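Shown next: start-v3.txt, given as compact mmCIF, C-alpha atoms.
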```
# COMPACT_ATOMS: atom_id res chain seq x y z
CA MET Y 18 19.22 114.39 -179.27
CA ALA Y 19 19.17 112.30 -176.12
CA ALA Y 20 20.83 108.90 -176.19
CA GLY Y 21 18.75 105.79 -175.60
CA PRO Y 22 19.61 102.48 -173.91
CA THR Y 23 23.16 101.19 -173.73
CA VAL Y 24 23.84 98.98 -176.75
CA PRO Y 25 25.14 95.47 -175.98
CA ASP Y 26 28.55 94.18 -177.05
CA ALA Y 27 26.89 91.84 -179.58
CA ALA Y 28 25.80 94.83 -181.65
CA GLY Y 29 29.26 96.37 -181.50
CA ARG Y 30 30.91 93.13 -182.59
CA GLU Y 31 28.60 92.77 -185.58
CA ILE Y 32 29.05 96.39 -186.65
CA ARG Y 33 32.84 96.18 -186.32
CA ALA Y 34 32.88 93.00 -188.43
CA LEU Y 35 30.79 94.63 -191.16
CA LEU Y 36 32.99 97.74 -191.20
CA HIS Y 37 36.15 95.65 -191.36
CA ARG Y 38 34.73 93.57 -194.22
CA HIS Y 39 34.09 96.73 -196.22
CA GLY Y 40 37.27 98.60 -195.30
CA LEU Y 41 35.51 101.22 -193.19
CA GLN Y 42 37.38 100.79 -189.90
CA GLY Y 43 37.79 104.01 -188.00
CA ARG Y 44 35.09 105.80 -189.98
CA ALA Y 45 31.99 107.52 -188.63
CA CYS Y 46 28.81 105.74 -189.77
CA ALA Y 47 25.06 106.02 -189.34
CA VAL Y 48 23.69 102.74 -187.99
CA ALA Y 49 20.34 100.97 -188.05
CA TYR Y 50 20.62 97.95 -185.74
CA LEU Y 51 17.44 95.85 -185.67
CA ALA Y 52 17.76 92.48 -183.95
CA PHE Y 53 14.69 90.32 -183.32
CA ALA Y 54 15.31 89.51 -179.66
CA ASP Y 55 17.60 92.38 -178.67
CA PRO Y 56 16.20 95.22 -176.53
CA GLY Y 57 19.16 97.34 -177.66
CA SER Y 58 17.84 97.62 -181.24
CA CYS Y 59 18.18 101.23 -182.36
CA ILE Y 60 19.07 103.91 -184.86
CA GLY Y 61 22.39 105.42 -183.86
CA ALA Y 62 25.71 107.03 -184.69
CA TRP Y 63 28.92 104.98 -184.83
CA GLU Y 64 31.89 107.08 -183.83
CA PRO Y 65 35.40 106.62 -185.27
CA ASP Y 66 36.60 105.39 -181.85
CA GLY Y 67 34.21 102.41 -182.04
CA ARG Y 68 31.36 103.64 -179.85
CA LEU Y 69 27.70 103.43 -180.87
CA ALA Y 70 25.53 106.28 -179.57
CA PRO Y 71 21.88 105.09 -179.69
CA LEU Y 72 19.57 107.91 -180.79
CA ILE Y 73 16.21 106.19 -181.32
CA GLY Y 74 15.26 102.91 -179.65
CA PHE Y 75 12.00 101.06 -179.07
CA LEU Y 76 9.54 101.87 -176.29
CA PRO Y 77 9.38 99.03 -173.73
CA LEU Y 78 6.00 97.28 -173.98
CA PRO Y 79 4.25 95.23 -171.27
CA LEU Y 80 4.82 91.51 -171.83
CA GLN Y 81 1.33 90.59 -170.62
CA GLY Y 82 -1.48 90.94 -173.13
CA THR Y 83 -4.00 92.61 -170.83
CA ARG Y 84 -1.48 95.24 -169.74
CA LEU Y 85 -0.48 95.86 -173.36
CA LEU Y 86 -4.10 96.46 -174.35
CA ASP Y 87 -4.49 98.83 -171.42
CA ALA Y 88 -1.39 100.71 -172.58
CA ILE Y 89 -2.84 101.05 -176.09
CA ALA Y 90 -6.17 102.27 -174.69
CA GLY Y 91 -4.34 104.82 -172.54
CA ILE Y 92 -2.55 106.63 -175.38
CA ASP Y 93 -5.24 109.32 -175.64
CA GLU Y 94 -8.98 109.90 -175.31
CA ASN Y 95 -9.67 107.96 -178.52
CA GLY Y 96 -7.94 104.81 -177.30
CA PRO Y 97 -10.75 103.23 -175.25
CA ARG Y 98 -13.25 103.64 -178.08
CA LEU Y 99 -10.93 102.08 -180.66
CA LEU Y 100 -10.19 99.13 -178.35
CA ALA Y 101 -13.90 98.62 -177.74
CA ASN Y 102 -14.56 98.59 -181.50
CA TYR Y 103 -11.68 96.18 -182.06
CA ARG Y 104 -12.97 93.81 -179.37
CA ARG Y 105 -16.46 93.82 -180.89
CA ALA Y 106 -15.18 93.16 -184.40
CA PHE Y 107 -12.50 90.59 -183.56
CA ALA Y 108 -13.45 89.11 -180.20
CA ALA Y 109 -11.48 85.87 -180.57
CA ASP Y 110 -8.24 87.64 -181.55
CA ALA Y 111 -8.70 90.26 -178.83
CA ASP Y 112 -9.15 87.49 -176.25
CA ARG Y 113 -6.13 85.63 -177.59
CA LEU Y 114 -3.95 88.72 -177.26
CA ALA Y 115 -5.36 89.57 -173.81
CA SER Y 116 -4.65 86.04 -172.54
CA PHE Y 117 -1.07 85.98 -173.77
CA ASP Y 118 1.59 85.77 -171.07
CA ALA Y 119 5.21 85.14 -172.03
CA GLY Y 120 5.86 83.55 -168.63
CA LEU Y 121 9.07 85.52 -168.11
CA ASP Y 122 10.28 87.20 -164.94
CA ILE Y 123 10.47 90.65 -166.54
CA GLY Y 124 7.45 92.90 -166.92
CA GLU Y 125 8.26 94.61 -170.22
CA THR Y 126 10.71 94.62 -173.07
CA SER Y 127 11.82 96.85 -175.93
CA ALA Y 128 12.93 93.87 -178.05
CA PRO Y 129 11.25 93.99 -181.49
CA ALA Y 130 10.27 90.33 -180.98
CA TRP Y 131 7.37 91.24 -178.72
CA LEU Y 132 6.14 94.11 -180.87
CA LEU Y 133 6.09 91.79 -183.91
CA ALA Y 134 4.50 88.96 -181.95
CA ALA Y 135 1.79 91.25 -180.60
CA SER Y 136 1.17 92.48 -184.15
CA SER Y 137 0.72 88.89 -185.30
CA LEU Y 138 -1.76 88.20 -182.51
CA ALA Y 139 -3.67 91.45 -183.06
CA LEU Y 140 -4.05 90.65 -186.76
CA GLY Y 141 -4.97 86.99 -186.20
CA LEU Y 142 -2.44 85.94 -188.82
CA ASP Y 143 -2.18 82.40 -190.12
CA ASP Y 144 0.48 80.81 -192.34
CA GLY Y 145 -1.47 81.72 -195.47
CA ASP Y 146 -1.46 85.40 -194.52
CA VAL Y 147 2.30 85.30 -194.04
CA ALA Y 148 2.84 83.62 -197.41
CA ARG Y 149 0.69 86.25 -199.16
CA ALA Y 150 2.49 89.07 -197.31
CA LEU Y 151 5.78 87.91 -198.78
CA GLN Y 152 4.53 88.18 -202.37
CA PRO Y 153 6.13 91.20 -204.10
CA TRP Y 154 2.83 92.43 -205.56
CA THR Y 155 1.14 92.78 -202.17
CA GLU Y 156 -0.03 96.33 -201.50
CA THR Y 157 0.88 98.21 -198.33
CA VAL Y 158 -0.50 100.94 -196.11
CA ALA Y 159 1.42 103.40 -193.92
CA VAL Y 160 1.47 101.99 -190.38
CA ASP Y 161 2.19 104.52 -187.63
CA THR Y 162 5.86 104.64 -186.59
CA PHE Y 163 5.80 107.66 -184.28
CA VAL Y 164 8.81 108.65 -182.20
CA ILE Y 165 8.20 109.99 -178.70
CA GLU Y 166 10.52 111.16 -175.94
CA SER Y 167 10.43 108.97 -172.84
CA GLU Y 168 12.62 108.32 -169.81
CA CYS Y 169 14.59 106.02 -172.14
CA GLY Y 170 15.27 108.81 -174.65
CA TYR Y 171 13.70 108.94 -178.10
CA VAL Y 172 11.81 105.75 -178.94
CA ILE Y 173 9.48 104.28 -181.56
CA ASP Y 174 6.09 104.01 -179.86
CA GLY Y 175 4.97 100.44 -180.51
CA ARG Y 176 1.62 101.14 -178.84
CA ARG Y 177 0.74 103.46 -181.69
CA LEU Y 178 1.91 100.96 -184.29
CA LEU Y 179 -0.40 98.33 -182.78
CA ARG Y 180 -3.28 100.80 -182.56
CA SER Y 181 -2.73 101.69 -186.21
CA LEU Y 182 -2.95 98.01 -187.19
CA MET Y 183 -6.17 97.58 -185.21
CA SER Y 184 -7.68 100.67 -186.82
CA TYR Y 185 -6.82 99.51 -190.33
CA ARG Y 186 -8.20 96.05 -189.58
CA ILE Y 187 -11.48 97.51 -188.33
CA GLY Y 188 -11.56 99.45 -191.60
CA GLY Y 189 -11.38 96.22 -193.60
CA VAL Y 190 -7.71 96.10 -194.66
CA ALA Y 191 -6.65 92.47 -195.14
CA GLY Y 192 -4.30 90.81 -192.66
CA HIS Y 193 -1.64 89.93 -195.24
CA VAL Y 194 -1.54 93.57 -196.37
CA LEU Y 195 -1.07 94.75 -192.79
CA ALA Y 196 1.58 92.09 -192.11
CA ARG Y 197 3.64 93.34 -195.06
CA SER Y 198 2.94 96.94 -194.08
CA VAL Y 199 4.59 96.51 -190.66
CA PHE Y 200 7.97 95.73 -192.23
CA ASP Y 201 7.52 98.15 -195.11
CA SER Y 202 6.76 100.97 -192.66
CA LEU Y 203 9.72 100.04 -190.44
CA GLY Y 204 11.98 100.12 -193.51
CA ARG Y 205 10.61 103.51 -194.49
CA PHE Y 206 11.14 104.75 -190.93
CA VAL Y 207 14.78 103.57 -190.96
CA ALA Y 208 15.49 105.40 -194.21
CA ASP Y 209 13.79 108.59 -193.01
CA ALA Y 210 15.51 108.55 -189.60
CA ILE Y 211 18.94 107.89 -191.13
CA GLY Y 212 18.26 110.64 -193.68
CA LYS Y 213 17.63 113.18 -190.91
CA LEU Y 214 20.76 112.04 -189.09
CA VAL Y 215 22.86 112.40 -192.25
CA ARG Y 216 21.62 115.96 -192.79
CA GLU Y 217 22.89 116.91 -189.32
CA TRP Y 218 26.10 114.87 -189.31
CA ARG Y 219 27.93 113.64 -192.41
CA PRO Y 220 29.00 110.01 -191.90
CA ALA Y 221 31.14 107.98 -194.28
CA ALA Y 222 28.56 105.22 -194.73
CA VAL Y 223 25.33 103.67 -193.46
CA VAL Y 224 25.42 100.32 -191.66
CA CYS Y 225 22.31 98.11 -191.49
CA ALA Y 226 22.88 95.38 -188.94
CA GLY Y 227 20.91 92.83 -186.93
CA ASP Y 228 19.08 89.64 -187.87
CA LEU Y 229 15.88 91.44 -188.91
CA PHE Y 230 17.83 93.16 -191.69
CA ALA Y 231 19.65 89.94 -192.53
CA GLY Y 232 16.50 87.92 -193.10
CA ASN Y 233 13.44 90.09 -193.77
CA VAL Y 234 13.27 90.88 -197.48
CA ILE Y 235 10.45 93.44 -197.07
CA LEU Y 236 12.37 95.48 -194.50
CA GLN Y 237 15.56 95.22 -196.55
CA ALA Y 238 13.99 96.35 -199.81
CA ARG Y 239 12.12 99.33 -198.35
CA ALA Y 240 15.10 100.57 -196.35
CA ARG Y 241 17.44 100.20 -199.33
CA ARG Y 242 15.14 102.23 -201.60
CA GLY Y 243 15.10 105.12 -199.17
CA LEU Y 244 18.77 104.93 -198.26
CA ALA Y 245 19.83 104.91 -201.92
CA GLN Y 246 18.79 108.56 -202.13
CA LEU Y 247 21.47 109.52 -199.59
CA ARG Y 248 24.29 108.71 -202.05
CA LEU Y 249 26.34 107.05 -199.33
CA PRO Y 250 27.72 103.49 -199.21
CA VAL Y 251 25.19 101.20 -197.49
CA VAL Y 252 26.67 98.18 -195.70
CA ASP Y 253 24.17 95.33 -195.49
CA PRO Y 254 24.13 92.64 -192.81
CA ALA Y 255 25.00 89.00 -193.31
CA GLY Y 256 23.81 85.80 -191.68
CA PRO Y 257 20.52 83.99 -191.02
CA ALA Y 258 17.50 85.55 -189.35
CA PRO Y 259 14.32 84.24 -187.78
CA PRO Y 260 11.23 84.05 -190.02
CA LEU Y 261 8.27 86.38 -189.58
CA ALA Y 262 7.37 84.35 -186.50
CA SER Y 263 8.46 81.06 -184.94
CA HIS Y 264 8.65 78.89 -181.83
CA ALA Y 265 6.19 79.46 -178.95
CA ARG Y 266 2.55 79.43 -179.99
CA ALA Y 267 -0.12 81.75 -178.71
CA PRO Y 268 -3.15 80.14 -177.03
CA ALA Y 269 -5.21 78.26 -179.63
CA PRO Y 270 -8.70 79.54 -180.41
CA PRO Y 271 -11.64 77.47 -179.19
CA GLY Y 272 -13.70 75.28 -181.45
CA GLY Y 273 -10.93 74.21 -183.79
CA ALA Y 274 -10.70 77.55 -185.60
CA ARG Y 275 -7.72 78.27 -187.83
CA GLN Y 276 -4.37 78.16 -186.08
CA PRO Y 277 -2.64 81.51 -185.64
CA VAL Y 278 0.88 82.12 -186.78
CA PRO Y 279 3.29 81.08 -184.00
CA VAL Y 280 5.17 83.86 -182.24
CA GLU Y 281 8.58 84.02 -180.65
CA ILE Y 282 9.19 85.82 -177.38
CA SER Y 283 12.78 85.71 -176.17
CA PRO Y 284 13.70 89.13 -174.78
CA ARG Y 285 16.77 89.29 -172.63
CA ARG Y 286 16.40 90.29 -169.03
CA PRO Y 287 17.87 93.67 -168.02
CA GLU Y 288 21.55 93.47 -167.17
CA PRO Y 289 22.99 94.53 -163.83
CA LYS Y 290 23.93 98.13 -163.18
CA GLY Y 291 26.75 99.09 -165.47
CA GLY Y 292 25.35 97.06 -168.38
CA ARG Y 293 22.13 97.72 -170.28
CA THR Y 294 19.81 100.24 -168.71
CA SER Y 295 16.35 99.42 -167.39
CA CYS Y 296 14.91 100.90 -170.60
CA ALA Y 297 16.31 97.93 -172.49
```
Structure translated into structure tokens:
Amino acid sequence: MAAGPTVPDAAGREIRALLHRHGLQGRACAVAYLAFADPGSCIGAWEPDGRLAPLIGFLPLPLQGTRLLDAIAGIDENGPRLLANYRRAFAADADRLASFDAGLDIGETSAPAWLLAASSLALGLDDGDVARALQPWTETVAVDTFVIESECGYVIDGRRLLRSLMSYRIGGVAGHVLARSVFDSLGRFVADAIGKLVREWRPAAVVCAGDLFAGNVILQARARRGLAQLRLPVVDPAGPAPPLASHARAPAPPGGARQPVPVEISPRRPEPKGGRTSCA
């Protein structure tokens, strides 16, 4: 399997600290590293010599709303029709997403922050939706988490995840259900991807690292359920994490309509040659 983007030192430091805390230094481990603002988030293999080989990353997405919508429409021949239906059904939210511009000097990012922020905008979430999504009895649906091969290696295609959310919303699935489903589906994907890796290569343990694992109870719970079937030690992360969304707000809707959930966009710019690749 082709390797993805170079993983930053921050990931390595966190993984080493977790392994040391659990007495697993020098052991081969399967890793799921999901950090809110880190383009190096990935599923990978930690080698006994302390190197992380990224196997599945995130597809870089355009940071401008109009370009992101164009990318979703361009997935296949069904894309333009779905986008047209979405715009007709949810014109205000479509306009809000289209008008979003992070104001950064990079054109795209693979940081999960933007994928989650775009999901929030596409669903028109408010604080009440987020509160309901966090309730344990909330139902879920299977949101698309397809892996494709790109110039960056194997990546989760966030365009398809967003298209899946739009399709479900057109079909009448409630926003709080879809908000919970994003993290539930990511947790299921982590467990499935790690399971396939374990079948090919027997590691000593599984390491879940990054602030999304540290703070998102939905992602944690779903990943843990799936990983428990592997009968391997699972090392959980520690430390605070950002909430479902925070900081910079998307453009407010006209006419005093309900305020959307705020979103955070803080992807790191690509590092110079020799650091993170342009796919980060």
Hey, what's within 9 Å of Ser181 (chain Y) if we count only C-alpha atoms and toss same-chain stuff fewer than 5 positions away? As a short mmCIF file (atom, residue, chain, number, x, y, z; two decimals) with C-alpha atoms, keeping the file's coordinate frame, please?
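Output file around21.cif is given in full below:
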```
data_model
loop_
_atom_site.label_atom_id
_atom_site.label_comp_id
_atom_site.auth_asym_id
_atom_site.auth_seq_id
_atom_site.Cartn_x
_atom_site.Cartn_y
_atom_site.Cartn_z
CA ALA Y 159 1.42 103.40 -193.92
CA VAL Y 160 1.47 101.99 -190.38
CA ASP Y 161 2.19 104.52 -187.63
CA ARG Y 176 1.62 101.14 -178.84
CA ARG Y 186 -8.20 96.05 -189.58
#
```
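Separating CA of Pro77 (chain Y) from CA of Gly124 (chain Y) is a distance of 9.4 Å.
If you measure from each of Y:Ala226, Y:Ala88, Y:Val234, Y:Leu151 to Leu51 (chain Y) using all atoms listed in the file, the closest one turns out to be Y:Ala226.
With distances restricted to all atoms listed in the file, Y:Ala62 is the closest residue to Val48 (chain Y) from Y:Ala134, Y:Val190, Y:Ala62, Y:Ala150.
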Worksheet item: Given the choices Y:Arg239, Y:Arg205, Y:Arg180, Y:His193, which gets closest to Asp146 (chain Y) if the distance is worked out from all atoms listed in the file?
Response: Y:His193
Worksheet entry | Pick from Y:Gly204, Y:Arg84, Y:Ala45, Y:Val147, whichever lies nearest to Val223 (chain Y) using all atoms listed in the file | Y:Ala45
Fill in: Distance of CA of Gly232 (chain Y) from CA of Gln42 (chain Y), expressed in Å to one decimal place
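Between CA of Gln42 (chain Y) and CA of Gly232 (chain Y) the gap works out to 24.7 Å.
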Practice prompt. Considering only C-alpha atoms, state which residue in the set Y:Ile235, Y:Ala54, Y:Leu229, Y:Ala208 is at the smallest distance from Trp154 (chain Y).
Written response: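 Between Y:Ile235, Y:Ala54, Y:Leu229, Y:Ala208, the residue approaching Trp154 (chain Y) most closely is Y:Ile235.
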Practice prompt. Excluding Ala191 (chain Y) and any residue of its chain fewer than 6 positions from it, enumerate the residues within 12 Å of it, using all atoms listed in the file, and give them as a ChimeraX atom specification.
Written response: /Y:140-142,145-147,149-150,155-158,182-185,197-198
Worksheet entry | Shortest interatomic distance to Leu100 (chain Y) - which of Y:Leu132, Y:Ala139, Y:Leu35, Y:Leu69, counting all atoms listed in the file | Y:Ala139
Per residue of region 62-143 of chain Y within 12 Å of region 209-215 of chain Y, record the nearest atom pair and its distance in Å to one decimal, counting all atoms listed in the file, with rows in chain order and ascending residue number, as a tab-separated table.
```
residue	atom	partner	partner_atom	distance
Y:Ala62	CA	Y:Leu214	CA	8.3
Y:Trp63	CA	Y:Leu214	CA	11.6
Y:Pro71	CA	Y:Leu214	CA	11.7
Y:Leu72	CA	Y:Leu214	CA	9.3
Y:Ile73	CA	Y:Ala210	CA	8.6
Y:Gly74	CA	Y:Ala210	CA	11.4
```
Fill in: Coordinates-based distance that separates CA of Arg44 (chain Y) from CA of Ala231 (chain Y) (Å, one decimal)
22.3 Å
Worksheet entry | Who sits within 10 Å of Glu31 (chain Y), only C-alpha atoms, same chain under 6 positions skipped, as an MDAnalysis selection string | chainID Y and resid 37 50 226:227 254:255
Worksheet entry | Nearby residues (only C-alpha atoms) at most 6 Å from region 115-118 of chain Y, same-chain spacing under 6 positions excluded, as a PyMOL selection string | chain Y and resi 81-83
